[in-house]
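model-v2.json (JSON, C-alpha atoms) appears below.
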[["chain", "number", "residue", "atom", "x", "y", "z"],
["A", 679, "MET", "CA", -15.23, -17.65, 8.31],
["A", 680, "GLY", "CA", -18.56, -17.39, 10.09],
["A", 681, "THR", "CA", -16.90, -18.38, 13.39],
["A", 682, "LEU", "CA", -14.58, -16.79, 15.93],
["A", 683, "LYS", "CA", -11.52, -18.51, 14.45],
["A", 684, "GLY", "CA", -12.67, -17.66, 10.95],
["A", 685, "HIS", "CA", -12.60, -13.94, 11.76],
["A", 686, "LEU", "CA", -9.41, -14.14, 13.83],
["A", 687, "LEU", "CA", -7.34, -15.50, 10.92],
["A", 688, "PRO", "CA", -7.95, -12.63, 8.45],
["A", 689, "GLY", "CA", -7.92, -10.09, 11.27],
["A", 690, "MET", "CA", -4.45, -11.13, 12.41],
["A", 691, "PHE", "CA", -3.36, -11.39, 8.76],
["A", 692, "PHE", "CA", -4.36, -7.79, 7.95],
["A", 693, "LEU", "CA", -3.01, -6.43, 11.24],
["A", 694, "PHE", "CA", 0.35, -8.21, 10.81],
["A", 695, "PHE", "CA", 0.78, -6.87, 7.29],
["A", 696, "ALA", "CA", -0.28, -3.37, 8.36],
["A", 697, "LEU", "CA", 2.33, -3.35, 11.14],
["A", 698, "TYR", "CA", 4.94, -4.64, 8.69],
["A", 699, "TYR", "CA", 4.06, -1.91, 6.21],
["A", 700, "SER", "CA", 4.09, 0.71, 8.96],
["A", 701, "VAL", "CA", 7.76, -0.14, 9.57],
["A", 702, "LEU", "CA", 8.48, 0.05, 5.84],
["A", 703, "LEU", "CA", 6.61, 3.36, 5.64],
["A", 704, "SER", "CA", 8.45, 4.88, 8.59],
["A", 705, "LEU", "CA", 11.88, 3.89, 7.27],
["A", 706, "ALA", "CA", 11.02, 5.06, 3.77],
["A", 707, "LEU", "CA", 9.99, 8.50, 5.06],
["A", 708, "LEU", "CA", 13.05, 8.79, 7.31],
["A", 709, "ARG", "CA", 15.41, 7.79, 4.51],
["A", 710, "GLY", "CA", 13.72, 9.94, 1.91],
["A", 711, "GLN", "CA", 13.04, 6.99, -0.40],
["A", 712, "ARG", "CA", 11.32, 7.61, -3.69],
["A", 713, "LEU", "CA", 9.34, 4.36, -3.41],
["A", 714, "LEU", "CA", 7.87, 2.61, -0.40],
["A", 715, "LYS", "CA", 9.58, -0.64, -1.41],
["A", 716, "PRO", "CA", 12.55, -0.18, -3.73],
["A", 717, "PRO", "CA", 12.62, -2.64, -6.66],
["A", 718, "LEU", "CA", 14.74, -5.73, -6.34],
["A", 719, "PRO", "CA", 17.97, -5.98, -8.33],
["A", 720, "PRO", "CA", 17.96, -8.15, -11.48],
["A", 721, "ARG", "CA", 17.63, -11.84, -10.81],
["A", 722, "GLU", "CA", 21.20, -12.70, -11.80],
["A", 723, "LYS", "CA", 22.54, -10.34, -9.09],
["A", 724, "ARG", "CA", 20.54, -11.87, -6.23],
["A", 725, "GLY", "CA", 22.35, -15.19, -5.92],
["A", 726, "ASN", "CA", 21.25, -18.67, -6.86],
["A", 727, "ARG", "CA", 20.16, -20.09, -3.50],
["A", 728, "TRP", "CA", 16.42, -20.66, -3.16],
["A", 729, "TRP", "CA", 16.03, -18.50, -0.03],
["A", 730, "GLN", "CA", 17.49, -15.57, -1.97],
["A", 731, "LEU", "CA", 14.87, -15.93, -4.70],
["A", 732, "VAL", "CA", 11.68, -16.82, -2.80],
["A", 733, "PRO", "CA", 9.91, -13.67, -1.46],
["A", 734, "VAL", "CA", 8.88, -14.15, 2.16],
["A", 735, "GLU", "CA", 5.97, -11.68, 2.00],
["A", 736, "ALA", "CA", 4.45, -13.48, -0.99],
["A", 737, "MET", "CA", 4.86, -16.88, 0.68],
["A", 738, "VAL", "CA", 3.02, -15.63, 3.78],
["A", 739, "LYS", "CA", 0.15, -14.48, 1.54],
["A", 740, "VAL", "CA", -0.01, -17.88, -0.15],
["A", 741, "ILE", "CA", 0.13, -19.87, 3.11],
["A", 742, "ILE", "CA", -2.51, -17.78, 4.90],
["A", 743, "SER", "CA", -4.82, -17.84, 1.86],
["A", 744, "LEU", "CA", -4.50, -21.60, 1.42],
["A", 745, "THR", "CA", -5.18, -22.09, 5.14],
["A", 746, "GLY", "CA", -8.32, -19.99, 4.84],
["A", 747, "ILE", "CA", -9.54, -21.85, 1.75],
["A", 748, "ILE", "CA", -9.00, -25.29, 3.27],
["A", 749, "SER", "CA", -10.68, -24.29, 6.54],
["A", 750, "GLU", "CA", -13.71, -22.90, 4.69],
["A", 751, "PHE", "CA", -14.22, -26.21, 2.90],
["A", 752, "PHE", "CA", -13.24, -28.77, 5.53],
["A", 753, "TYR", "CA", -13.38, -27.19, 9.03],
["A", 754, "PRO", "CA", -14.51, -28.47, 11.45],
["A", 755, "PRO", "CA", -13.21, -31.95, 10.61],
["A", 756, "GLY", "CA", -15.76, -34.14, 8.89],
["A", 757, "ILE", "CA", -17.41, -31.23, 7.06],
["A", 758, "ASN", "CA", -17.28, -30.97, 3.27],
["A", 759, "ARG", "CA", -18.49, -27.70, 1.74],
["A", 760, "LEU", "CA", -16.75, -28.26, -1.57],
["A", 761, "LYS", "CA", -20.11, -29.01, -3.19],
["A", 762, "MET", "CA", -21.59, -25.95, -4.92],
["A", 763, "VAL", "CA", -24.89, -27.29, -6.36],
["A", 764, "ASP", "CA", -27.32, -29.84, -4.91],
["A", 765, "TRP", "CA", -27.80, -32.05, -7.96],
["A", 766, "GLU", "CA", -30.18, -34.34, -6.08],
["A", 767, "ASP", "CA", -32.73, -31.54, -5.70],
["A", 768, "PRO", "CA", -34.79, -30.91, -8.88],
["A", 769, "GLN", "CA", -34.46, -27.14, -8.25],
["A", 770, "ARG", "CA", -30.62, -27.41, -8.35],
["A", 771, "PRO", "CA", -30.09, -24.88, -5.52],
["A", 772, "PHE", "CA", -26.67, -23.43, -4.76],
["A", 773, "LEU", "CA", -25.07, -24.54, -1.48],
["A", 774, "PHE", "CA", -22.78, -22.92, 1.09],
["A", 775, "HIS", "CA", -22.83, -19.45, -0.48],
["A", 776, "ASN", "CA", -21.09, -17.85, 2.55],
["A", 777, "SER", "CA", -18.20, -20.31, 2.32],
["A", 778, "TRP", "CA", -17.84, -19.75, -1.41],
["A", 779, "GLN", "CA", -17.76, -15.98, -0.85],
["A", 780, "HIS", "CA", -14.96, -16.40, 1.69],
["A", 781, "VAL", "CA", -13.08, -18.82, -0.60],
["A", 782, "THR", "CA", -13.31, -16.29, -3.43],
["A", 783, "MET", "CA", -11.87, -13.62, -1.14],
["A", 784, "TYR", "CA", -8.98, -15.85, -0.09],
["A", 785, "GLY", "CA", -8.51, -16.95, -3.71],
["A", 786, "PHE", "CA", -7.75, -13.43, -4.92],
["A", 787, "PHE", "CA", -5.23, -12.88, -2.12],
["A", 788, "LEU", "CA", -3.71, -16.22, -3.12],
["A", 789, "LEU", "CA", -3.52, -14.90, -6.68],
["A", 790, "SER", "CA", -1.77, -11.77, -5.41],
["A", 791, "GLY", "CA", 0.82, -13.88, -3.61],
["A", 792, "LEU", "CA", 1.42, -16.03, -6.69],
["A", 793, "VAL", "CA", 1.83, -12.93, -8.86],
["A", 794, "ASP", "CA", 4.43, -11.63, -6.39],
["A", 795, "ILE", "CA", 6.33, -14.93, -6.57],
["A", 796, "VAL", "CA", 6.31, -14.98, -10.36],
["A", 797, "SER", "CA", 7.32, -11.32, -10.59],
["A", 798, "GLN", "CA", 10.12, -11.51, -8.04],
["A", 799, "SER", "CA", 11.45, -15.04, -8.56],
["A", 800, "CYS", "CA", 10.69, -16.14, -12.11],
["A", 801, "GLN", "CA", 11.13, -12.99, -14.18],
["A", 802, "ALA", "CA", 14.45, -11.39, -15.00],
["A", 803, "ARG", "CA", 13.20, -8.06, -13.61],
["A", 804, "GLN", "CA", 10.54, -7.42, -11.02],
["A", 805, "ASN", "CA", 7.20, -6.16, -12.38],
["A", 806, "MET", "CA", 6.01, -3.91, -9.55],
["A", 807, "LYS", "CA", 3.02, -2.55, -11.48],
["A", 808, "LEU", "CA", 1.66, -6.06, -11.94],
["A", 809, "GLU", "CA", 2.12, -6.80, -8.23],
["A", 810, "ARG", "CA", 0.24, -3.65, -7.20],
["A", 811, "ALA", "CA", -2.53, -4.36, -9.69],
["A", 812, "ALA", "CA", -3.03, -7.89, -8.35],
["A", 813, "GLU", "CA", -3.12, -6.62, -4.75],
["A", 814, "ALA", "CA", -5.55, -3.85, -5.69],
["A", 815, "LEU", "CA", -7.79, -6.41, -7.39],
["A", 816, "ALA", "CA", -7.83, -8.55, -4.23],
["A", 817, "PHE", "CA", -9.03, -5.65, -2.07],
["A", 818, "CYS", "CA", -11.60, -4.49, -4.64],
["A", 819, "VAL", "CA", -13.01, -8.03, -4.81],
["A", 820, "LEU", "CA", -13.09, -8.12, -1.00],
["A", 821, "ALA", "CA", -15.12, -4.89, -0.89],
["A", 822, "LEU", "CA", -17.48, -6.17, -3.58],
["A", 823, "LEU", "CA", -18.03, -9.46, -1.76],
["A", 824, "MET", "CA", -18.73, -7.67, 1.52],
["A", 825, "VAL", "CA", -21.47, -5.65, -0.20],
["A", 826, "ALA", "CA", -23.18, -8.91, -1.18],
["A", 827, "HIS", "CA", -22.32, -10.55, 2.15],
["A", 828, "VAL", "CA", -24.74, -8.33, 4.11],
["A", 829, "GLU", "CA", -27.82, -9.72, 2.35],
["A", 830, "ASN", "CA", -30.26, -11.52, 4.66],
["A", 831, "LYS", "CA", -28.25, -10.50, 7.74],
["A", 832, "SER", "CA", -29.36, -8.89, 10.98],
["A", 833, "THR", "CA", -29.10, -5.14, 11.42],
["A", 834, "LEU", "CA", -26.06, -5.60, 13.66],
["A", 835, "GLU", "CA", -24.19, -7.70, 11.11],
["A", 836, "ILE", "CA", -25.08, -5.27, 8.33],
["A", 837, "ARG", "CA", -23.67, -2.34, 10.32],
["A", 838, "VAL", "CA", -20.50, -4.28, 11.18],
["A", 839, "HIS", "CA", -19.85, -5.20, 7.55],
["A", 840, "ILE", "CA", -20.62, -1.73, 6.19],
["A", 841, "LEU", "CA", -18.02, -0.26, 8.54],
["A", 842, "PHE", "CA", -15.63, -3.00, 7.39],
["A", 843, "ILE", "CA", -16.18, -1.99, 3.76],
["A", 844, "VAL", "CA", -14.97, 1.60, 4.37],
["A", 845, "PRO", "CA", -11.25, 0.84, 5.01],
["A", 846, "THR", "CA", -11.34, -2.05, 2.52],
["A", 847, "PHE", "CA", -12.50, 0.25, -0.27],
["A", 848, "LEU", "CA", -9.95, 2.92, 0.63],
["A", 849, "VAL", "CA", -7.06, 0.44, 0.61],
["A", 850, "GLY", "CA", -8.20, -0.89, -2.76],
["A", 851, "LEU", "CA", -8.52, 2.64, -4.13],
["A", 852, "VAL", "CA", -5.04, 3.65, -2.95],
["A", 853, "LEU", "CA", -3.50, 0.48, -4.39],
["A", 854, "THR", "CA", -5.20, 1.18, -7.71],
["A", 855, "ILE", "CA", -3.81, 4.72, -7.79],
["A", 856, "GLU", "CA", -0.35, 3.43, -6.86],
["A", 857, "VAL", "CA", -0.24, 1.33, -10.03],
["A", 858, "TRP", "CA", 0.45, 4.61, -11.86],
["A", 859, "MET", "CA", 1.60, 6.87, -8.99],
["A", 860, "PRO", "CA", 3.74, 4.80, -6.61],
["A", 861, "ASP", "CA", 5.88, 7.71, -5.37],
["A", 862, "GLN", "CA", 3.29, 9.56, -3.26],
["A", 863, "PRO", "CA", 4.01, 9.35, 0.53],
["A", 864, "PRO", "CA", 0.50, 10.54, 1.51],
["A", 865, "LEU", "CA", -0.91, 7.48, -0.26],
["A", 866, "TRP", "CA", 1.52, 5.24, 1.64],
["A", 867, "VAL", "CA", 0.30, 6.70, 4.92],
["A", 868, "LEU", "CA", -3.39, 6.34, 4.04],
["A", 869, "LYS", "CA", -2.95, 2.74, 2.84],
["A", 870, "THR", "CA", -1.06, 1.67, 5.96],
["A", 871, "TRP", "CA", -3.45, 3.49, 8.29],
["A", 872, "MET", "CA", -6.54, 1.91, 6.71],
["A", 873, "GLY", "CA", -4.82, -1.48, 6.78],
["A", 874, "MET", "CA", -4.40, -1.15, 10.54],
["A", 875, "VAL", "CA", -8.05, -0.15, 10.93],
["A", 876, "LEU", "CA", -9.06, -3.13, 8.78],
["A", 877, "GLY", "CA", -7.19, -5.60, 10.98],
["A", 878, "SER", "CA", -8.18, -4.11, 14.32],
["A", 879, "TRP", "CA", -11.83, -3.81, 13.27],
["A", 880, "LEU", "CA", -11.98, -7.48, 12.31],
["A", 881, "LEU", "CA", -10.69, -8.34, 15.78],
["A", 882, "GLN", "CA", -13.38, -6.05, 17.22],
["A", 883, "VAL", "CA", -15.98, -7.93, 15.17],
["A", 884, "CYS", "CA", -14.88, -11.12, 16.95],
["A", 885, "MET", "CA", -15.66, -9.49, 20.28],
["A", 886, "VAL", "CA", -18.98, -8.06, 19.12],
["A", 887, "MET", "CA", -20.36, -11.21, 17.51],
["A", 888, "TYR", "CA", -18.75, -14.07, 19.46],
["A", 889, "VAL", "CA", -17.15, -13.02, 22.76],
["A", 890, "PRO", "CA", -18.75, -9.78, 24.01],
["A", 891, "PRO", "CA", -16.76, -8.47, 27.00],
["A", 892, "THR", "CA", -19.94, -7.85, 29.01],
["A", 893, "GLY", "CA", -20.98, -11.49, 28.68],
["A", 894, "GLN", "CA", -24.28, -10.40, 27.10],
["A", 895, "PRO", "CA", -24.86, -10.55, 23.34],
["A", 896, "TRP", "CA", -25.31, -7.33, 21.42],
["A", 897, "GLN", "CA", -28.94, -6.51, 20.62],
["A", 898, "ALA", "CA", -29.33, -6.29, 16.84],
["A", 899, "GLU", "CA", -32.39, -4.06, 17.02],
["A", 900, "ASN", "CA", -31.21, -1.82, 19.85],
["A", 901, "PRO", "CA", -30.33, 1.63, 18.40],
["A", 902, "VAL", "CA", -27.96, 2.30, 21.32],
["A", 903, "ASP", "CA", -25.91, -0.81, 20.52],
["A", 904, "LEU", "CA", -25.81, 0.18, 16.85],
["A", 905, "ALA", "CA", -24.72, 3.70, 17.77],
["A", 906, "PHE", "CA", -21.84, 2.37, 19.86],
["A", 907, "LEU", "CA", -20.68, 0.25, 16.92],
["A", 908, "THR", "CA", -20.02, 3.43, 14.94],
["A", 909, "ILE", "CA", -18.42, 5.06, 17.98],
["A", 910, "PHE", "CA", -16.06, 2.11, 18.39],
["A", 911, "PHE", "CA", -15.16, 2.23, 14.70],
["A", 912, "CYS", "CA", -14.19, 5.88, 15.08],
["A", 913, "TRP", "CA", -12.02, 4.88, 18.03],
["A", 914, "HIS", "CA", -10.35, 2.32, 15.79],
["A", 915, "LEU", "CA", -9.53, 5.13, 13.34],
["A", 916, "GLY", "CA", -7.79, 6.97, 16.18],
["A", 917, "LEU", "CA", -6.13, 3.77, 17.42],
["A", 918, "GLY", "CA", -4.75, 3.07, 13.95],
["A", 919, "ALA", "CA", -3.32, 6.59, 13.71],
["A", 920, "ALA", "CA", -1.78, 6.27, 17.19],
["A", 921, "MET", "CA", -0.20, 2.91, 16.33],
["A", 922, "LEU", "CA", 1.22, 4.35, 13.11],
["A", 923, "ALA", "CA", 2.67, 7.32, 15.01],
["A", 924, "ALA", "CA", 4.15, 5.01, 17.65],
["A", 925, "VAL", "CA", 5.83, 2.83, 15.03],
["A", 926, "TYR", "CA", 7.18, 5.93, 13.31],
["A", 927, "GLY", "CA", 8.57, 7.20, 16.61],
["A", 928, "ILE", "CA", 10.32, 3.89, 17.37],
["A", 929, "CYS", "CA", 11.75, 3.71, 13.85],
["A", 930, "SER", "CA", 12.89, 7.33, 14.10],
["A", 931, "LEU", "CA", 14.82, 6.58, 17.30],
["A", 932, "TRP", "CA", 16.40, 3.52, 15.70],
["A", 933, "HIS", "CA", 17.22, 5.43, 12.52],
["A", 934, "HIS", "CA", 18.96, 8.30, 14.30],
["A", 935, "ARG", "CA", 20.80, 6.14, 16.85],
["A", 936, "CYS", "CA", 21.64, 2.91, 15.07],
["A", 937, "SER", "CA", 21.37, 3.52, 11.34],
["A", 938, "PRO", "CA", 24.76, 3.65, 9.57],
["A", 939, "GLY", "CA", 25.78, 7.01, 8.16],
["A", 940, "THR", "CA", 24.13, 9.11, 10.89],
["A", 941, "GLY", "CA", 25.89, 11.05, 13.56],
["A", 942, "ILE", "CA", 29.34, 11.15, 11.89],
["A", 943, "SER", "CA", 31.69, 13.11, 14.09],
["A", 944, "GLY", "CA", 33.55, 15.98, 12.53],
["A", 945, "ALA", "CA", 31.05, 16.67, 9.77],
["A", 946, "LYS", "CA", 30.11, 20.33, 9.64],
["A", 947, "TYR", "CA", 27.51, 22.08, 7.56],
["A", 948, "GLN", "CA", 26.87, 25.73, 6.88],
["A", 949, "PRO", "CA", 23.49, 27.11, 5.84],
["A", 950, "CYS", "CA", 23.42, 28.87, 2.53],
["A", 951, "PRO", "CA", 23.10, 32.62, 3.25],
["A", 952, "THR", "CA", 20.83, 34.77, 1.17],
["A", 953, "GLY", "CA", 22.02, 38.29, 1.91],
["A", 954, "TYR", "CA", 25.58, 38.10, 0.56],
["A", 955, "SER", "CA", 27.06, 39.22, -2.70],
["A", 956, "SER", "CA", 28.35, 36.77, -5.30],
["A", 957, "GLU", "CA", 32.00, 37.36, -4.26],
["A", 958, "GLU", "CA", 31.20, 36.58, -0.62],
["A", 959, "LEU", "CA", 29.33, 33.46, -1.66],
["A", 960, "GLU", "CA", 32.36, 32.27, -3.65],
["A", 961, "LYS", "CA", 34.58, 32.74, -0.58],
["A", 962, "LEU", "CA", 32.11, 30.79, 1.57],
["A", 963, "GLY", "CA", 32.02, 28.01, -1.04],
["A", 964, "ALA", "CA", 35.82, 27.79, -1.12],
["A", 965, "GLY", "CA", 35.89, 27.59, 2.70],
["A", 966, "ALA", "CA", 33.32, 24.78, 2.65],
["A", 967, "GLU", "CA", 35.43, 22.83, 0.15],
["A", 968, "LEU", "CA", 38.52, 23.14, 2.35],
["A", 969, "GLN", "CA", 36.47, 22.03, 5.34],
["A", 970, "ASP", "CA", 35.13, 19.00, 3.44],
["A", 971, "GLY", "CA", 38.67, 18.00, 2.54],
["A", 972, "SER", "CA", 39.69, 17.97, 6.18],
["A", 973, "VAL", "CA", 36.83, 15.67, 7.27]]
Using structure tokens, write down the structure that the file contains.
Amino acid sequence: MGTLKGHLLPGMFFLFFALYYSVLLSLALLRGQRLLKPPLPPREKRGNRWWQLVPVEAMVKVIISLTGIISEFFYPPGINRLKMVDWEDPQRPFLFHNSWQHVTMYGFFLLSGLVDIVSQSCQARQNMKLERAAEALAFCVLALLMVAHVENKSTLEIRVHILFIVPTFLVGLVLTIEVWMPDQPPLWVLKTWMGMVLGSWLLQVCMVMYVPPTGQPWQAENPVDLAFLTIFFCWHLGLGAAMLAAVYGICSLWHHRCSPGTGISGAKYQPCPTGYSSEELEKLGAGAELQDGSV
């Protein structure tokens, strides 16, 4: 992961999932859903074909995580970082600690994907609490590993990773709360927003550390460069909020124009008045019933 491609893979992964969840969030708010993702019907009611049982989201998690693990051990070709201890050295030092940190991170997201597959495909009923717990564990482990990852790094890398920890910790915290309180829309918004910041910030890290747009590397000890890192992170917070609002706006247009059950001609509604007597309210109710029967 200590390369441009190594940061691009998780950055695109987080950003893709954040955009996907922003669509789910927008539709859930527009439809007034109680849960962000309604539970699946029992297994016997979903059909017997394999594509009806295998969850696509979980498979994407598994494929991306396995790709990351394999690349950490064997990329570029000819490299083998699978060895953890140098047994030939009398001191028995550990080897490739950065790669093993990244593999551990990918491993817990792989575990989350496998838990999703077992819950949604192998059990009679979906266990949504277990799925949320596994996903929360993956993000908490990611935050913990990033805390250790900044050791023996330059000031620039430390600042970059500390800013990365902020949205990671918040996503993990929200997912942990959602294990017991999954029906809170503000938590859905915060989780999706921080997920977008997480993905976009990883892509920004690629530009800072590997392909700076000015053509000149960032100066690790320059306080001005460090100050602009924090400024750019704040811009990413605003960018994430703007992207979330844009997705909500697009979904709102689709929902009101194309969603079935909206815009039915002939349907009429009357607001419930508050200043009438009980007899007048009964007359209004009888008129509404007659009107409903004519629709």
Separating CA of Phe817 in chain A from CA of Pro860 in chain A, to the nearest tenth of an Å, is a gap of 17.1 Å
With distances taken over all atoms listed in the file, which residue among A:Pro863, A:Gly877, A:Pro716, A:Gly756 lies nearest Ser704 in chain A?
A:Pro863
Kindly provide the residues of range 740-793 of chain A that approach range 826-839 of chain A to within 12 Å, each paired with its closest atom pair and their distance in Å to one decimal, based on only C-alpha atoms, listed by chain and increasing number, as a tab-separated table.
residue	atom	partner	partner_atom	distance
A:His775	CA	A:His827	CA	9.3
A:Asn776	CA	A:His827	CA	7.4
A:Ser777	CA	A:His827	CA	10.6
A:Trp778	CA	A:His827	CA	10.8
A:Gln779	CA	A:His827	CA	7.7
A:His780	CA	A:His827	CA	9.4
A:Met783	CA	A:His827	CA	11.4
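The neighbours of range 748-751 of chain A here are the residues that come within 7 Å of it, using all atoms listed in the file and leaving out any residue fewer than 2 positions away in the same chain; they are A:Met679, A:Leu744, A:Thr745, A:Gly746, A:Tyr753, A:Asn758, A:Arg759, A:Leu760, A:Ser777, A:Val781.
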Nearest to Pro733 in chain A, chosen from A:Ser700, A:Gln804, A:Val889, A:Ile843, with only C-alpha atoms counted in the distances
A:Gln804
Set the distance at 9 Å and use only C-alpha atoms: which residues neighbour Phe695 in chain A once local chain neighbours fewer than 2 positions away are removed? I'd like the list as a ChimeraX atom specification.
/A:690-693,697-700,735,870,873-874,877
Grab the residues selected above and save them as a short mmCIF file (atom, residue, chain, number, x, y, z; two decimals), in the frame of the given file with C-alpha atoms.
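Wrote it out as selection.cif, contents follow:
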data_model
loop_
_atom_site.label_atom_id
_atom_site.label_comp_id
_atom_site.auth_asym_id
_atom_site.auth_seq_id
_atom_site.Cartn_x
_atom_site.Cartn_y
_atom_site.Cartn_z
CA MET A 690 -4.45 -11.13 12.41
CA PHE A 691 -3.36 -11.39 8.76
CA PHE A 692 -4.36 -7.79 7.95
CA LEU A 693 -3.01 -6.43 11.24
CA LEU A 697 2.33 -3.35 11.14
CA TYR A 698 4.94 -4.64 8.69
CA TYR A 699 4.06 -1.91 6.21
CA SER A 700 4.09 0.71 8.96
CA GLU A 735 5.97 -11.68 2.00
CA THR A 870 -1.06 1.67 5.96
CA GLY A 873 -4.82 -1.48 6.78
CA MET A 874 -4.40 -1.15 10.54
CA GLY A 877 -7.19 -5.60 10.98
#
Using only C-alpha atoms, list the residues that have an atom at most 12 Å from (-1.9, 4.8, 14.4), coordinates as in the file, as an MDAnalysis selection string.
chainID A and resid 693 696:697 700:701 704 867:875 878 913:927
Any idea what the distance is between CA of Leu705 in chain A and CA of Trp866 in chain A?
11.9 Å
Here's a test: counting all atoms listed in the file, identify every protein, DNA and RNA residue with an atom at most 10 Å from (-11.6, -9.0, 16.8) in the file's coordinate frame, and state them as a list in words.
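The distance filter leaves exactly Leu682, Lys683, His685, Leu686, Leu687, Pro688, Gly689, Met690, Gly877, Ser878, Trp879, Leu880, Leu881, Gln882, Val883, Cys884, Met885, Val886, Met887, Tyr888 and Val889 of chain A.
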If I take CA of Pro719 in chain A and CA of Asp794 in chain A, how far is one from the other in Å, to one decimal?
14.8 Å
In terms of only C-alpha atoms, the residue from A:Pro890, A:Asp861, A:Leu904, A:Phe911 at minimal distance from Gly710 in chain A is A:Asp861
Exercise: Gly850 in chain A partners within 9 Å, all atoms listed in the file, chain neighbours under 3 positions left out, as a PyMOL selection string
chain A and resi 813-821+845-847+853-855+869
For each of A:Leu841, A:Ala812, A:Val793, A:Met824, take the minimum atom-to-atom distance to Val857 in chain A, counting all atoms listed in the file, then give the residue where this is smallest.
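Smallest separation from Val857 in chain A among the options: A:Ala812.
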Rank nothing, just name the residue among A:Thr782, A:Phe787, A:Pro755, A:Lys723 nearest to Arg803 in chain A, using only C-alpha atoms.
A:Lys723
Name all residues at most 8 Å from Lys739 in chain A (count only C-alpha atoms; drop same-chain ones fewer than 3 positions away) and give them as a list of chain:residue names.
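So, after excluding close chain neighbours, the residues are A:Glu735, A:Ala736, A:Ile742, A:Ser743, A:Phe787, A:Leu788, A:Ser790, A:Gly791.
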